[in-house]
>>> print(open('coords25.txt').read())   # compact mmCIF, C-alpha atoms
# COMPACT_ATOMS: atom_id res chain seq x y z
CA MET A 1 10.84 -34.99 -17.44
CA LYS A 2 8.48 -35.06 -20.39
CA ARG A 3 5.71 -32.46 -20.08
CA ASN A 4 2.69 -31.56 -22.16
CA PHE A 5 3.16 -27.81 -21.71
CA ALA A 6 5.65 -25.64 -23.57
CA GLY A 7 5.14 -22.80 -21.07
CA CYS A 8 4.96 -22.92 -17.27
CA ALA A 9 5.22 -26.56 -16.23
CA ILE A 10 1.95 -26.49 -14.30
CA CYS A 11 -0.26 -23.83 -15.98
CA ASP A 12 1.30 -23.39 -19.45
CA SER A 13 1.51 -19.62 -19.12
CA THR A 14 4.40 -17.99 -20.93
CA TRP A 15 4.36 -14.83 -18.80
CA GLY A 16 7.02 -14.45 -16.14
CA ASN A 17 10.57 -15.64 -15.94
CA VAL A 18 11.22 -18.06 -13.08
CA TRP A 19 13.66 -20.91 -13.65
CA GLU A 20 14.02 -23.61 -11.04
CA GLU A 21 15.62 -27.01 -10.93
CA VAL A 22 13.18 -29.87 -10.42
CA GLU A 23 14.30 -33.50 -10.58
CA GLY A 24 17.69 -32.31 -11.80
CA GLU A 25 16.18 -30.38 -14.70
CA ARG A 26 15.98 -26.60 -15.12
CA MET A 27 12.33 -25.76 -15.73
CA PHE A 28 10.41 -22.61 -16.65
CA PHE A 29 7.60 -21.27 -14.43
CA CYS A 30 5.51 -18.12 -14.78
CA CYS A 31 5.78 -17.28 -11.07
CA ARG A 32 7.18 -18.62 -7.80
CA LEU A 33 3.76 -19.88 -6.75
CA CYS A 34 3.57 -22.20 -9.75
CA ALA A 35 7.14 -23.41 -9.10
CA THR A 36 6.21 -24.24 -5.51
CA GLN A 37 3.05 -26.04 -6.61
CA PHE A 38 4.82 -28.12 -9.23
CA ARG A 39 7.59 -29.16 -6.85
CA THR A 40 4.99 -30.08 -4.22
CA LEU A 41 3.02 -32.12 -6.76
CA ILE A 42 6.04 -34.11 -7.91
CA GLU A 43 7.21 -34.78 -4.35
CA ARG A 44 3.75 -35.99 -3.36
CA ILE A 45 3.47 -38.28 -6.40
CA GLU A 46 6.85 -39.81 -5.57
CA ARG A 47 5.83 -40.30 -1.96
CA GLU A 48 2.55 -41.94 -2.99
CA THR A 49 4.07 -44.26 -5.59
CA GLY A 50 7.54 -44.93 -4.23
CA TRP A 51 9.00 -43.86 -7.56
CA THR A 52 12.47 -42.33 -7.38
CA THR A 53 11.71 -40.14 -10.37
CA VAL A 54 8.75 -38.97 -12.42
CA GLU A 55 9.49 -39.38 -16.10
CA ALA A 56 6.45 -37.70 -17.64
CA VAL A 57 3.46 -35.57 -16.63
CA GLU A 58 0.38 -34.55 -18.54
CA ILE A 59 -1.60 -31.84 -16.79
CA SER A 60 -5.06 -30.43 -17.57
CA GLY A 61 -7.58 -28.20 -15.81
CA ASP A 62 -7.14 -24.81 -14.18
CA ARG A 63 -5.86 -23.47 -10.88
CA ARG A 64 -9.11 -24.31 -9.07
CA GLY A 65 -8.63 -27.98 -9.88
CA ARG A 66 -6.28 -29.93 -12.12
CA GLU A 67 -5.72 -33.50 -13.24
CA CYS A 68 -2.32 -35.03 -13.88
CA VAL A 69 -1.32 -38.32 -15.43
CA ALA A 70 2.23 -39.12 -14.28
CA ARG A 71 4.41 -41.91 -15.59
CA SER A 72 7.58 -43.66 -14.49
CA GLY A 73 8.85 -46.78 -16.20
CA SER A 74 5.82 -49.01 -16.72
CA GLY A 75 3.84 -47.32 -13.95
CA SER A 76 1.15 -44.67 -14.36
CA ILE A 77 -0.91 -42.71 -11.89
CA ARG A 78 -3.82 -40.31 -12.36
CA VAL A 79 -4.08 -37.54 -9.79
CA VAL A 80 -6.83 -35.01 -9.17
CA PHE A 81 -5.38 -32.11 -7.23
CA SER A 82 -5.79 -28.50 -6.23
CA PHE A 83 -3.82 -26.01 -4.17
CA THR A 84 -4.69 -23.30 -1.69
CA PRO A 85 -3.94 -19.75 -2.87
CA GLU A 86 -0.79 -20.03 -0.75
CA GLY A 87 0.45 -23.01 -2.74
CA GLU A 88 -0.31 -25.79 -0.25
CA LEU A 89 -2.01 -28.96 -1.45
CA LEU A 90 -5.73 -28.75 -0.76
CA ARG A 91 -6.77 -31.92 -2.56
CA PHE A 92 -4.80 -34.89 -3.82
CA VAL A 93 -6.69 -37.97 -4.95
CA SER A 94 -4.74 -40.61 -6.86
CA HIS A 95 -5.75 -43.65 -8.91
CA ALA A 96 -3.51 -46.17 -10.62
CA VAL A 97 -3.92 -46.13 -14.40
CA ALA A 98 -4.46 -49.58 -15.91
CA MET B 1 -8.88 7.05 -13.51
CA THR B 2 -7.61 3.82 -14.99
CA ARG B 3 -6.71 1.34 -12.26
CA CYS B 4 -4.82 -1.92 -12.28
CA PRO B 5 -7.25 -4.74 -11.41
CA ALA B 6 -4.41 -6.75 -9.88
CA CYS B 7 -2.90 -4.14 -7.53
CA LEU B 8 -5.20 -1.09 -7.88
CA GLY B 9 -2.26 1.04 -9.08
CA SER B 10 -3.41 4.28 -10.74
CA PHE B 11 -2.93 5.55 -14.28
CA PRO B 12 -4.28 8.59 -16.16
CA GLU B 13 -7.96 8.52 -17.06
CA GLY B 14 -8.65 6.41 -20.12
CA ASP B 15 -5.02 5.35 -20.48
CA LEU B 16 -5.30 1.61 -21.03
CA SER B 17 -1.94 1.73 -22.81
CA ALA B 18 -0.30 2.64 -19.52
CA LEU B 19 -2.16 -0.22 -17.84
CA ALA B 20 -1.00 -2.63 -20.53
CA GLU B 21 2.62 -1.50 -20.07
CA HIS B 22 2.29 -1.91 -16.32
CA LEU B 23 0.84 -5.43 -16.59
CA VAL B 24 3.56 -6.53 -19.01
CA ASP B 25 6.29 -5.00 -16.81
CA ARG B 26 5.03 -6.63 -13.62
CA ALA B 27 4.48 -9.97 -15.34
CA SER B 28 8.01 -9.89 -16.74
CA GLU B 29 9.15 -9.68 -13.12
CA SER B 30 7.11 -12.85 -12.45
CA ASP B 31 4.83 -11.07 -10.00
CA SER B 32 2.25 -13.75 -9.27
CA ALA B 33 -0.70 -11.35 -8.78
CA HIS B 34 -0.23 -9.77 -12.20
CA VAL B 35 0.64 -13.04 -13.97
CA ARG B 36 -2.44 -14.61 -12.45
CA TRP B 37 -4.68 -11.75 -13.54
CA LEU B 38 -3.39 -11.92 -17.09
CA ASN B 39 -3.68 -15.71 -17.20
CA GLN B 40 -7.26 -15.69 -15.95
CA ASN B 41 -8.65 -12.63 -17.65
CA VAL B 42 -6.77 -12.03 -20.88
CA THR B 43 -4.26 -14.59 -22.12
CA ARG B 44 -1.65 -17.09 -20.96
CA GLN B 45 0.54 -16.18 -23.90
CA LYS B 46 3.16 -13.54 -23.21
CA CYS B 47 2.86 -10.59 -25.58
CA GLU B 48 3.86 -6.98 -26.00
CA ALA B 49 1.85 -4.20 -24.38
CA SER B 50 0.67 -3.07 -27.81
CA GLU B 51 -0.77 -6.54 -28.44
CA LEU B 52 -2.39 -6.64 -25.02
CA LEU B 53 -4.15 -3.31 -25.48
CA PRO B 54 -7.01 -4.49 -27.77
CA ALA B 55 -7.85 -7.29 -25.33
CA LEU B 56 -7.98 -4.81 -22.43
CA GLU B 57 -10.18 -2.47 -24.45
CA GLN B 58 -12.54 -5.32 -25.14
CA LEU B 59 -12.59 -6.48 -21.52
CA PHE B 60 -13.41 -3.02 -20.16
CA ALA B 61 -15.90 -2.15 -22.91
CA ILE B 62 -19.38 -1.47 -21.52
CA GLY B 63 -22.14 -2.79 -23.75
CA ARG B 64 -25.85 -2.20 -24.00
CA GLY B 65 -26.48 -3.47 -20.47
CA GLY B 66 -24.52 -0.53 -19.09
CA LEU B 67 -22.29 -0.82 -16.04
CA PRO B 68 -24.66 -3.26 -14.22
CA GLY B 69 -24.62 -5.53 -17.28
CA TRP B 70 -20.84 -5.40 -17.43
CA ILE B 71 -20.57 -6.27 -13.72
CA LYS B 72 -22.96 -9.21 -14.10
CA GLY B 73 -21.11 -10.43 -17.19
CA ARG B 74 -17.74 -10.45 -15.45
CA PHE B 75 -19.23 -12.13 -12.39
CA ILE B 76 -20.89 -14.88 -14.42
CA ALA B 77 -17.71 -15.47 -16.42
CA LYS B 78 -15.70 -15.93 -13.24
CA PHE B 79 -18.03 -17.97 -11.06
CA TYR B 80 -20.76 -19.42 -13.27
CA GLY B 81 -19.04 -20.04 -16.59
CA LYS B 82 -18.10 -23.32 -18.27
CA ALA B 83 -16.09 -24.29 -15.21
CA PRO B 84 -18.15 -23.02 -12.25
CA HIS B 85 -16.36 -22.27 -9.01
CA PRO B 86 -15.70 -25.50 -7.06
CA PHE B 87 -17.44 -24.14 -3.98
CA VAL B 88 -20.62 -23.55 -5.98
CA VAL B 89 -20.35 -27.06 -7.37
CA ALA B 90 -19.95 -28.44 -3.84
CA LEU B 91 -22.91 -26.39 -2.59
CA GLN B 92 -25.34 -27.89 -5.11
CA HIS B 93 -25.82 -30.82 -2.71
CA PRO B 94 -23.55 -29.89 0.19
CA SER B 95 -21.88 -32.21 2.66
CA ARG B 96 -21.73 -31.40 6.36
CA ALA B 97 -18.05 -30.49 5.87
CA THR B 98 -18.83 -28.05 3.05
CA LEU B 99 -21.47 -26.29 5.16
CA LEU B 100 -19.17 -26.11 8.17
CA GLY B 101 -16.41 -24.63 6.00
CA TYR B 102 -18.99 -22.06 4.96
CA VAL B 103 -19.92 -21.30 8.59
CA VAL B 104 -16.40 -20.85 9.92
CA GLU B 105 -15.03 -18.63 7.16
CA HIS B 106 -18.22 -16.72 6.47
CA GLN B 107 -18.60 -15.39 9.99
CA HIS B 108 -15.31 -13.55 9.42
CA PHE B 109 -16.58 -12.32 6.05
CA LEU B 110 -19.80 -11.00 7.59
CA ARG B 111 -17.97 -9.14 10.33
CA GLN B 112 -15.92 -7.39 7.64
CA TRP B 113 -19.14 -6.83 5.71
CA VAL B 114 -20.36 -4.57 8.53
CA ARG B 115 -17.16 -2.53 8.39
CA SER B 116 -17.27 -2.23 4.60
CA CYS B 117 -20.90 -1.12 4.48
CA SER B 118 -20.24 1.31 7.33
CA PHE B 119 -17.38 2.88 5.38
CA ILE B 120 -19.71 3.32 2.40
CA MET B 121 -22.31 5.01 4.61
CA ALA B 122 -19.69 7.23 6.21
CA ARG B 123 -18.33 8.35 2.85
CA THR B 124 -21.51 9.04 0.89
CA ASP B 125 -23.88 11.99 1.07
CA GLU B 126 -26.61 10.12 -0.77
CA ARG B 127 -29.58 9.37 1.49
CA LYS B 128 -30.83 6.46 -0.61
CA VAL B 129 -27.42 4.80 -0.37
CA VAL B 130 -27.42 5.15 3.42
CA LEU B 131 -30.95 3.70 3.62
CA TYR B 132 -29.93 0.83 1.37
CA GLU B 133 -26.94 0.03 3.55
CA LEU B 134 -28.95 0.25 6.78
CA ASP B 135 -31.48 -2.22 5.41
CA ASN B 136 -28.71 -4.49 4.18
CA LEU B 137 -26.90 -4.44 7.52
CA ASN B 138 -30.08 -5.26 9.39
CA THR B 139 -30.72 -8.22 7.11
CA GLU B 140 -27.15 -9.46 7.18
CA PHE B 141 -26.03 -8.70 10.71
CA GLY B 142 -28.38 -6.82 13.01
CA GLY B 143 -31.66 -8.61 12.51
CA LEU B 144 -35.18 -7.20 12.84
CA GLY B 145 -36.49 -9.06 15.85
CA PRO B 146 -37.23 -12.74 16.48
CA ASP B 147 -39.28 -13.12 13.30
CA ARG B 148 -36.53 -11.76 11.06
CA VAL B 149 -33.28 -13.10 12.43
CA ALA B 150 -30.07 -11.80 10.84
CA HIS B 151 -28.12 -13.80 8.28
CA TYR B 152 -25.20 -13.89 10.73
CA GLU B 153 -27.33 -15.52 13.42
CA LEU B 154 -28.78 -17.99 10.92
CA LEU B 155 -25.22 -18.89 9.92
CA LEU B 156 -24.23 -19.67 13.51
CA ARG B 157 -27.41 -21.71 14.02
CA MET B 158 -26.55 -23.71 10.90
CA GLY B 159 -23.17 -24.52 12.46
CA GLU B 160 -24.82 -25.59 15.71
CA SER B 161 -27.26 -27.84 13.82
CA LEU B 162 -24.22 -29.56 12.31
CA GLY B 163 -22.63 -30.18 15.70
CA VAL B 164 -20.24 -27.24 16.04
CA ASP B 165 -21.20 -24.71 18.70
CA ARG B 166 -20.83 -21.00 18.17
CA ALA B 167 -18.10 -20.61 20.75
CA ARG B 168 -15.89 -22.90 18.70
CA VAL B 169 -16.82 -21.22 15.41
CA LEU B 170 -16.02 -17.79 16.83
CA SER B 171 -12.71 -19.00 18.27
CA LEU B 172 -11.26 -20.05 14.91
CA GLU B 173 -8.97 -17.60 13.12
CA PRO B 174 -9.67 -17.01 9.40
CA LEU B 175 -7.65 -18.96 6.87
CA PRO B 176 -5.01 -16.90 4.99
CA ALA B 177 -7.18 -16.37 1.89
CA THR B 178 -10.08 -15.15 4.05
CA ARG B 179 -7.75 -12.84 5.94
CA ARG B 180 -6.36 -11.49 2.68
CA GLY B 181 -9.90 -10.91 1.44
CA ILE B 182 -10.87 -9.08 4.60
CA GLU B 183 -7.82 -6.84 4.36
CA GLY B 184 -8.46 -6.19 0.67
CA TRP B 185 -12.12 -5.32 1.15
CA ASN B 186 -11.28 -3.11 4.11
CA ARG B 187 -8.85 -1.21 1.92
CA ILE B 188 -11.33 -0.94 -0.94
CA ALA B 189 -14.14 0.30 1.31
CA SER B 190 -12.00 2.80 3.17
CA GLU B 191 -9.85 4.16 0.33
CA GLU B 192 -11.62 3.76 -3.02
CA PRO B 193 -14.50 6.03 -4.13
CA TRP B 194 -17.61 4.96 -2.20
CA VAL B 195 -19.47 4.03 -5.38
CA ALA B 196 -16.59 1.71 -6.34
CA ALA B 197 -16.76 0.16 -2.87
CA LEU B 198 -20.52 -0.23 -3.28
CA ALA B 199 -20.01 -2.17 -6.52
CA ALA B 200 -17.09 -4.16 -5.12
CA MET B 201 -18.99 -5.32 -2.05
CA HIS B 202 -22.61 -5.67 -3.14
CA GLY B 203 -21.66 -7.05 -6.54
CA LEU B 204 -20.53 -10.10 -4.57
CA GLU B 205 -24.15 -10.72 -3.57
CA LEU B 206 -24.68 -11.80 -7.16
CA ILE B 207 -23.32 -15.17 -6.03
CA ALA B 208 -26.74 -16.10 -4.60
CA ASN B 209 -28.80 -14.25 -7.21
CA ARG B 210 -30.93 -17.02 -8.68
CA ASP B 211 -31.89 -14.84 -11.64
CA LEU B 212 -28.36 -15.06 -13.08
CA VAL B 213 -29.33 -18.30 -14.80
CA ASN B 214 -31.54 -16.16 -17.03
CA GLU B 215 -28.46 -14.17 -18.03
CA GLY B 216 -26.12 -17.02 -18.87
CA ALA B 217 -25.06 -18.54 -15.54
CA SER B 218 -24.47 -22.28 -15.87
CA MET B 219 -26.10 -23.10 -12.52
CA ARG B 220 -27.58 -21.56 -9.39
CA TYR B 221 -25.77 -21.10 -6.08
CA PHE B 222 -27.31 -24.37 -4.93
CA ASP B 223 -29.89 -26.79 -6.20
CA PRO B 224 -33.18 -25.38 -4.83
CA GLU B 225 -34.39 -28.94 -4.25
CA ILE B 226 -32.22 -29.09 -1.12
CA LEU B 227 -34.62 -26.60 0.46
CA GLU B 228 -37.33 -29.23 0.26
CA GLY B 229 -36.39 -32.78 1.42
CA SER B 230 -34.24 -33.85 4.39
CA GLU B 231 -30.84 -33.64 2.72
CA ILE B 232 -29.72 -30.75 4.94
CA THR B 233 -30.78 -29.59 8.40
CA HIS B 234 -33.72 -27.26 8.98
CA GLU B 235 -31.24 -24.58 10.12
CA ALA B 236 -29.14 -24.99 6.97
CA LYS B 237 -32.28 -24.56 4.89
CA ALA B 238 -33.19 -21.41 6.86
CA PHE B 239 -29.76 -19.92 6.24
CA LEU B 240 -29.61 -20.75 2.53
CA ARG B 241 -33.23 -19.75 1.93
CA GLU B 242 -32.66 -16.34 3.49
CA GLY B 243 -29.84 -15.53 1.06
CA TYR B 244 -31.81 -17.03 -1.79
CA GLU B 245 -34.68 -14.67 -1.05
CA ALA B 246 -32.64 -11.56 -0.21
CA ASP B 247 -29.76 -11.45 -2.65
CA VAL B 248 -31.78 -10.92 -5.84
CA ALA B 249 -32.99 -7.64 -4.36
CA HIS B 250 -29.71 -6.77 -2.60
CA SER B 251 -27.50 -7.18 -5.65
CA GLY B 252 -30.06 -5.73 -8.07
CA GLU B 253 -30.70 -2.62 -6.02
CA ALA B 254 -26.97 -2.07 -5.47
CA LEU B 255 -26.26 -2.27 -9.19
CA ASP B 256 -29.02 0.28 -9.83
CA LEU B 257 -27.33 2.59 -7.31
CA VAL B 258 -23.96 2.04 -8.99
CA ALA B 259 -25.48 2.91 -12.37
CA GLU B 260 -27.00 6.06 -10.90
CA PHE B 261 -23.95 7.35 -9.04
CA ALA B 262 -20.97 6.19 -11.09
CA ARG B 263 -20.74 9.40 -13.07
CA GLY B 264 -17.85 10.26 -15.35
CA ARG B 265 -15.24 8.10 -17.00
CA ALA B 266 -12.73 8.23 -14.14
CA THR B 267 -15.28 6.92 -11.62
CA ILE B 268 -16.55 4.23 -13.97
CA GLU B 269 -12.99 3.02 -14.58
CA SER B 270 -12.42 2.92 -10.86
CA VAL B 271 -15.62 0.91 -10.35
CA GLN B 272 -14.59 -1.61 -12.99
CA SER B 273 -11.07 -2.31 -11.73
CA THR B 274 -12.10 -2.33 -8.09
CA PHE B 275 -14.85 -4.81 -8.90
CA LEU B 276 -12.39 -7.05 -10.75
CA ARG B 277 -10.06 -6.93 -7.75
CA SER B 278 -12.94 -7.74 -5.42
CA ILE B 279 -14.06 -10.82 -7.35
CA ASP B 280 -10.49 -12.15 -7.37
CA LEU B 281 -10.44 -11.83 -3.57
CA PHE B 282 -13.84 -13.51 -3.44
CA ASP B 283 -12.65 -16.37 -5.67
CA ASP B 284 -9.86 -17.15 -3.21
CA TYR B 285 -12.20 -16.68 -0.25
CA LEU B 286 -14.60 -19.30 -1.66
CA MET B 287 -11.64 -21.67 -2.00
CA ALA B 288 -10.91 -21.00 1.68
CA ARG B 289 -14.43 -22.23 2.54
CA LEU B 290 -13.54 -25.52 0.83
CA GLU B 291 -10.16 -25.63 2.54
CA ARG B 292 -11.84 -25.17 5.92
CA GLY B 293 -14.47 -27.73 5.01
CA ALA B 294 -11.76 -30.30 4.34
CA GLN B 295 -10.79 -29.97 8.00
CA PHE B 296 -14.23 -31.26 8.97
CA GLU B 297 -14.17 -34.28 6.67
CA ALA B 298 -14.25 -37.55 8.58
>>> encode(input="coords25.txt", output="structure tokens")
Amino acid sequence: MKRNFAGCAICDSTWGNVWEEVEGERMFFCCRLCATQFRTLIERIERETGWTTVEAVEISGDRRGRECVARSGSGSIRVVFSFTPEGELLRFVSHAVA
Amino acid sequence: MTRCPACLGSFPEGDLSALAEHLVDRASESDSAHVRWLNQNVTRQKCEASELLPALEQLFAIGRGGLPGWIKGRFIAKFYGKAPHPFVVALQHPSRATLLGYVVEHQHFLRQWVRSCSFIMARTDERKVVLYELDNLNTEFGGLGPDRVAHYELLLRMGESLGVDRARVLSLEPLPATRRGIEGWNRIASEEPWVAALAAMHGLELIANRDLVNEGASMRYFDPEILEGSEITHEAKAFLREGYEADVAHSGEALDLVAEFARGRATIESVQSTFLRSIDLFDDYLMARLERGAQFEA
């Protein structure tokens, strides 16, 4: 999966040392909470779009609210999302990208 | 003594090097509380403790505004900076759901407020602090007769005006972040030096201090225009107006007391870290208001 962050897949932090497999790829996360959030985000995007895999994500914002542009094949989706402090999705609003 | 703002662990007085080592150690173990604190307050880029130290020294440095100025600066940076807290953004022109999220979670907060202020009173010998807390508790919880109804009662009336009766409000358990906040503030008020507890609790009243815009805040707690037209109910206006009127004095007077009684480096360090811990709890608690509000969205 192509990502815009070199650090933690969801917040770009380089602290911590959590490695988890997501979509068949071993990814770096700064903490378990971020790993949980990223996995939840990808699963929700796939459920919304019907994609079998997410090929690329570009994430911006901070933990109180983020935006993600996800791509798969010729499809793109823009998602505004946030999580509870426990790592559950609080907000997920998606729009197709023209 | 030096305290860790993420876990309130203790280190020798003035030893920010020990704090830096601790933060780096805990972050290397991927502890989310310490990683989060570093990400939000210092840097997202992993570094050695020796590189972290100058940033910590800068963060804890008290400038010309003294300890009250430092507290206000940290509060503004966290809640009223370039990206204001989402609850504050939502409260500018609040929906029914946002206000109901406020009602349900805040009644738990206010009940803890009584315990926290009571701990402060029980642990101080300073008469002016006791009098301050008594006045605050009457305003927030006890009330001063039918003409000066308590903030707690105004909160419940706001809920009723929005179609949710108080029996239902009182029956709902707090969300996890609210519960964690309550437990954290209870610990702070009962175990930390009383002056640190005073700063940790009453510093939170800065949230509704409309004068913060004169000190760099990007917005007020809500757009004061909502107190005029018919955008929100009369009861919602009464609740918001009460805080709007009271919290300038509450937070200002508390910070004056903190400045007067936080004597010595060890106590000042304790005040600073405890305050940082408290505003992190408050940040999550405000998110819980939004989370609860989402449950009331049609």
>>> closest_residue(input="coords25.txt", among="A:Glu67, A:Glu46, A:Asp62, A:Glu25", to="chain B", atoms="all atoms listed in the file")
A:Asp62
>>> residues_around(input="coords25.txt", residues="region 219-228 of chain B", least_positions_apart="2", cutoff="7 Å", atoms="all atoms listed in the file", output="list in words")
Tyr80, Val88, Leu91, Gln92, His93, Ile207, Ala208, Arg210, Val213, Ala217, Ser230, Glu231, Ile232 and Lys237 of chain B
>>> closest_atom_pairs(input="coords25.txt", of="chain A", to="chain B", cutoff="10 Å", atoms="only C-alpha atoms", output="JSON lines")
{"residue": "A:Gly7", "atom": "CA", "partner": "B:Gln45", "partner_atom": "CA", "distance": 8.5}
{"residue": "A:Cys8", "atom": "CA", "partner": "B:Arg44", "partner_atom": "CA", "distance": 9.6}
{"residue": "A:Cys11", "atom": "CA", "partner": "B:Arg44", "partner_atom": "CA", "distance": 8.5}
{"residue": "A:Asp12", "atom": "CA", "partner": "B:Arg44", "partner_atom": "CA", "distance": 7.1}
{"residue": "A:Ser13", "atom": "CA", "partner": "B:Arg44", "partner_atom": "CA", "distance": 4.4}
{"residue": "A:Thr14", "atom": "CA", "partner": "B:Lys46", "partner_atom": "CA", "distance": 5.2}
{"residue": "A:Trp15", "atom": "CA", "partner": "B:Lys46", "partner_atom": "CA", "distance": 4.7}
{"residue": "A:Gly16", "atom": "CA", "partner": "B:Ser30", "partner_atom": "CA", "distance": 4.0}
{"residue": "A:Asn17", "atom": "CA", "partner": "B:Ser30", "partner_atom": "CA", "distance": 5.7}
{"residue": "A:Val18", "atom": "CA", "partner": "B:Ser30", "partner_atom": "CA", "distance": 6.7}
{"residue": "A:Phe29", "atom": "CA", "partner": "B:Ser30", "partner_atom": "CA", "distance": 8.7}
{"residue": "A:Cys30", "atom": "CA", "partner": "B:Ser30", "partner_atom": "CA", "distance": 6.0}
{"residue": "A:Cys31", "atom": "CA", "partner": "B:Ser30", "partner_atom": "CA", "distance": 4.8}
{"residue": "A:Arg32", "atom": "CA", "partner": "B:Ser32", "partner_atom": "CA", "distance": 7.1}
{"residue": "A:Leu33", "atom": "CA", "partner": "B:Ser32", "partner_atom": "CA", "distance": 6.8}
{"residue": "A:Cys34", "atom": "CA", "partner": "B:Ser32", "partner_atom": "CA", "distance": 8.6}
{"residue": "A:Gly61", "atom": "CA", "partner": "B:Ala83", "partner_atom": "CA", "distance": 9.4}
{"residue": "A:Asp62", "atom": "CA", "partner": "B:Ala83", "partner_atom": "CA", "distance": 9.0}
{"residue": "A:Arg63", "atom": "CA", "partner": "B:Gln40", "partner_atom": "CA", "distance": 9.4}
{"residue": "A:Arg64", "atom": "CA", "partner": "B:Pro86", "partner_atom": "CA", "distance": 7.0}
{"residue": "A:Gly65", "atom": "CA", "partner": "B:Pro86", "partner_atom": "CA", "distance": 8.0}
{"residue": "A:Ser82", "atom": "CA", "partner": "B:Met287", "partner_atom": "CA", "distance": 9.9}
{"residue": "A:Phe83", "atom": "CA", "partner": "B:Met287", "partner_atom": "CA", "distance": 9.2}
{"residue": "A:Thr84", "atom": "CA", "partner": "B:Met287", "partner_atom": "CA", "distance": 7.1}
{"residue": "A:Pro85", "atom": "CA", "partner": "B:Asp284", "partner_atom": "CA", "distance": 6.5}
{"residue": "A:Glu86", "atom": "CA", "partner": "B:Pro176", "partner_atom": "CA", "distance": 7.8}
{"residue": "A:Leu89", "atom": "CA", "partner": "B:Glu291", "partner_atom": "CA", "distance": 9.7}
{"residue": "A:Leu90", "atom": "CA", "partner": "B:Glu291", "partner_atom": "CA", "distance": 6.3}
{"residue": "A:Arg91", "atom": "CA", "partner": "B:Ala294", "partner_atom": "CA", "distance": 8.7}
>>> residues_around(input="coords25.txt", residues="Gly101 (chain B)", least_positions_apart="5", cutoff="12 Å", atoms="all atoms listed in the file", output="PDB file with C-alpha atoms, in the coordinates of the input")
ATOM      1  CA  PHE B  87     -17.440 -24.140  -3.980  1.00  0.00           C
ATOM      2  CA  ALA B  90     -19.950 -28.440  -3.840  1.00  0.00           C
ATOM      3  CA  LEU B  91     -22.910 -26.390  -2.590  1.00  0.00           C
ATOM      4  CA  PRO B  94     -23.550 -29.890   0.190  1.00  0.00           C
ATOM      5  CA  SER B  95     -21.880 -32.210   2.660  1.00  0.00           C
ATOM      6  CA  ARG B  96     -21.730 -31.400   6.360  1.00  0.00           C
ATOM      7  CA  HIS B 106     -18.220 -16.720   6.470  1.00  0.00           C
ATOM      8  CA  GLN B 107     -18.600 -15.390   9.990  1.00  0.00           C
ATOM      9  CA  HIS B 108     -15.310 -13.550   9.420  1.00  0.00           C
ATOM     10  CA  LEU B 155     -25.220 -18.890   9.920  1.00  0.00           C
ATOM     11  CA  LEU B 156     -24.230 -19.670  13.510  1.00  0.00           C
ATOM     12  CA  MET B 158     -26.550 -23.710  10.900  1.00  0.00           C
ATOM     13  CA  GLY B 159     -23.170 -24.520  12.460  1.00  0.00           C
ATOM     14  CA  LEU B 162     -24.220 -29.560  12.310  1.00  0.00           C
ATOM     15  CA  VAL B 164     -20.240 -27.240  16.040  1.00  0.00           C
ATOM     16  CA  VAL B 169     -16.820 -21.220  15.410  1.00  0.00           C
ATOM     17  CA  LEU B 172     -11.260 -20.050  14.910  1.00  0.00           C
ATOM     18  CA  PRO B 174      -9.670 -17.010   9.400  1.00  0.00           C
ATOM     19  CA  LEU B 175      -7.650 -18.960   6.870  1.00  0.00           C
ATOM     20  CA  THR B 178     -10.080 -15.150   4.050  1.00  0.00           C
ATOM     21  CA  TYR B 285     -12.200 -16.680  -0.250  1.00  0.00           C
ATOM     22  CA  LEU B 286     -14.600 -19.300  -1.660  1.00  0.00           C
ATOM     23  CA  MET B 287     -11.640 -21.670  -2.000  1.00  0.00           C
ATOM     24  CA  ALA B 288     -10.910 -21.000   1.680  1.00  0.00           C
ATOM     25  CA  ARG B 289     -14.430 -22.230   2.540  1.00  0.00           C
ATOM     26  CA  LEU B 290     -13.540 -25.520   0.830  1.00  0.00           C
ATOM     27  CA  GLU B 291     -10.160 -25.630   2.540  1.00  0.00           C
ATOM     28  CA  ARG B 292     -11.840 -25.170   5.920  1.00  0.00           C
ATOM     29  CA  GLY B 293     -14.470 -27.730   5.010  1.00  0.00           C
ATOM     30  CA  ALA B 294     -11.760 -30.300   4.340  1.00  0.00           C
ATOM     31  CA  GLN B 295     -10.790 -29.970   8.000  1.00  0.00           C
ATOM     32  CA  PHE B 296     -14.230 -31.260   8.970  1.00  0.00           C
ATOM     33  CA  GLU B 297     -14.170 -34.280   6.670  1.00  0.00           C
TER      34      GLU B 297
END
>>> atom_distance(input="coords25.txt", atom1="CA of Val130 (chain B)", atom2="CA of Lys78 (chain B)")
29.3 Å
>>> closest_residue(input="coords25.txt", among="B:Ala55, B:Ala266, B:Ala246, B:Leu137", to="Val195 (chain B)", atoms="only C-alpha atoms")
B:Ala266
>>> residues_near_point(input="coords25.txt", point="(-2.2, -41.1, -9.2)", cutoff="8 Å", atoms="only C-alpha atoms", output="list in words")
Ile45, Glu48, Thr49, Cys68, Val69, Ala70, Ser76, Ile77, Arg78, Val79, Val80, Val93, Ser94, His95, Ala96 and Val97 of chain A
>>> residues_around(input="coords25.txt", residues="Arg71 (chain A)", least_positions_apart="3", cutoff="8 Å", atoms="all atoms listed in the file", output="number ranges by chain")
A: 54-57, 74-77
>>> atom_distance(input="coords25.txt", atom1="CA of Gly73 (chain A)", atom2="CA of Glu88 (chain A)")
27.9 Å
>>> residues_around(input="coords25.txt", residues="Glu242 (chain B)", least_positions_apart="5", cutoff="12 Å", atoms="only C-alpha atoms", output="ChimeraX atom specification")
/B:139-140,143,148-155,208-209,227,235-237,247-250
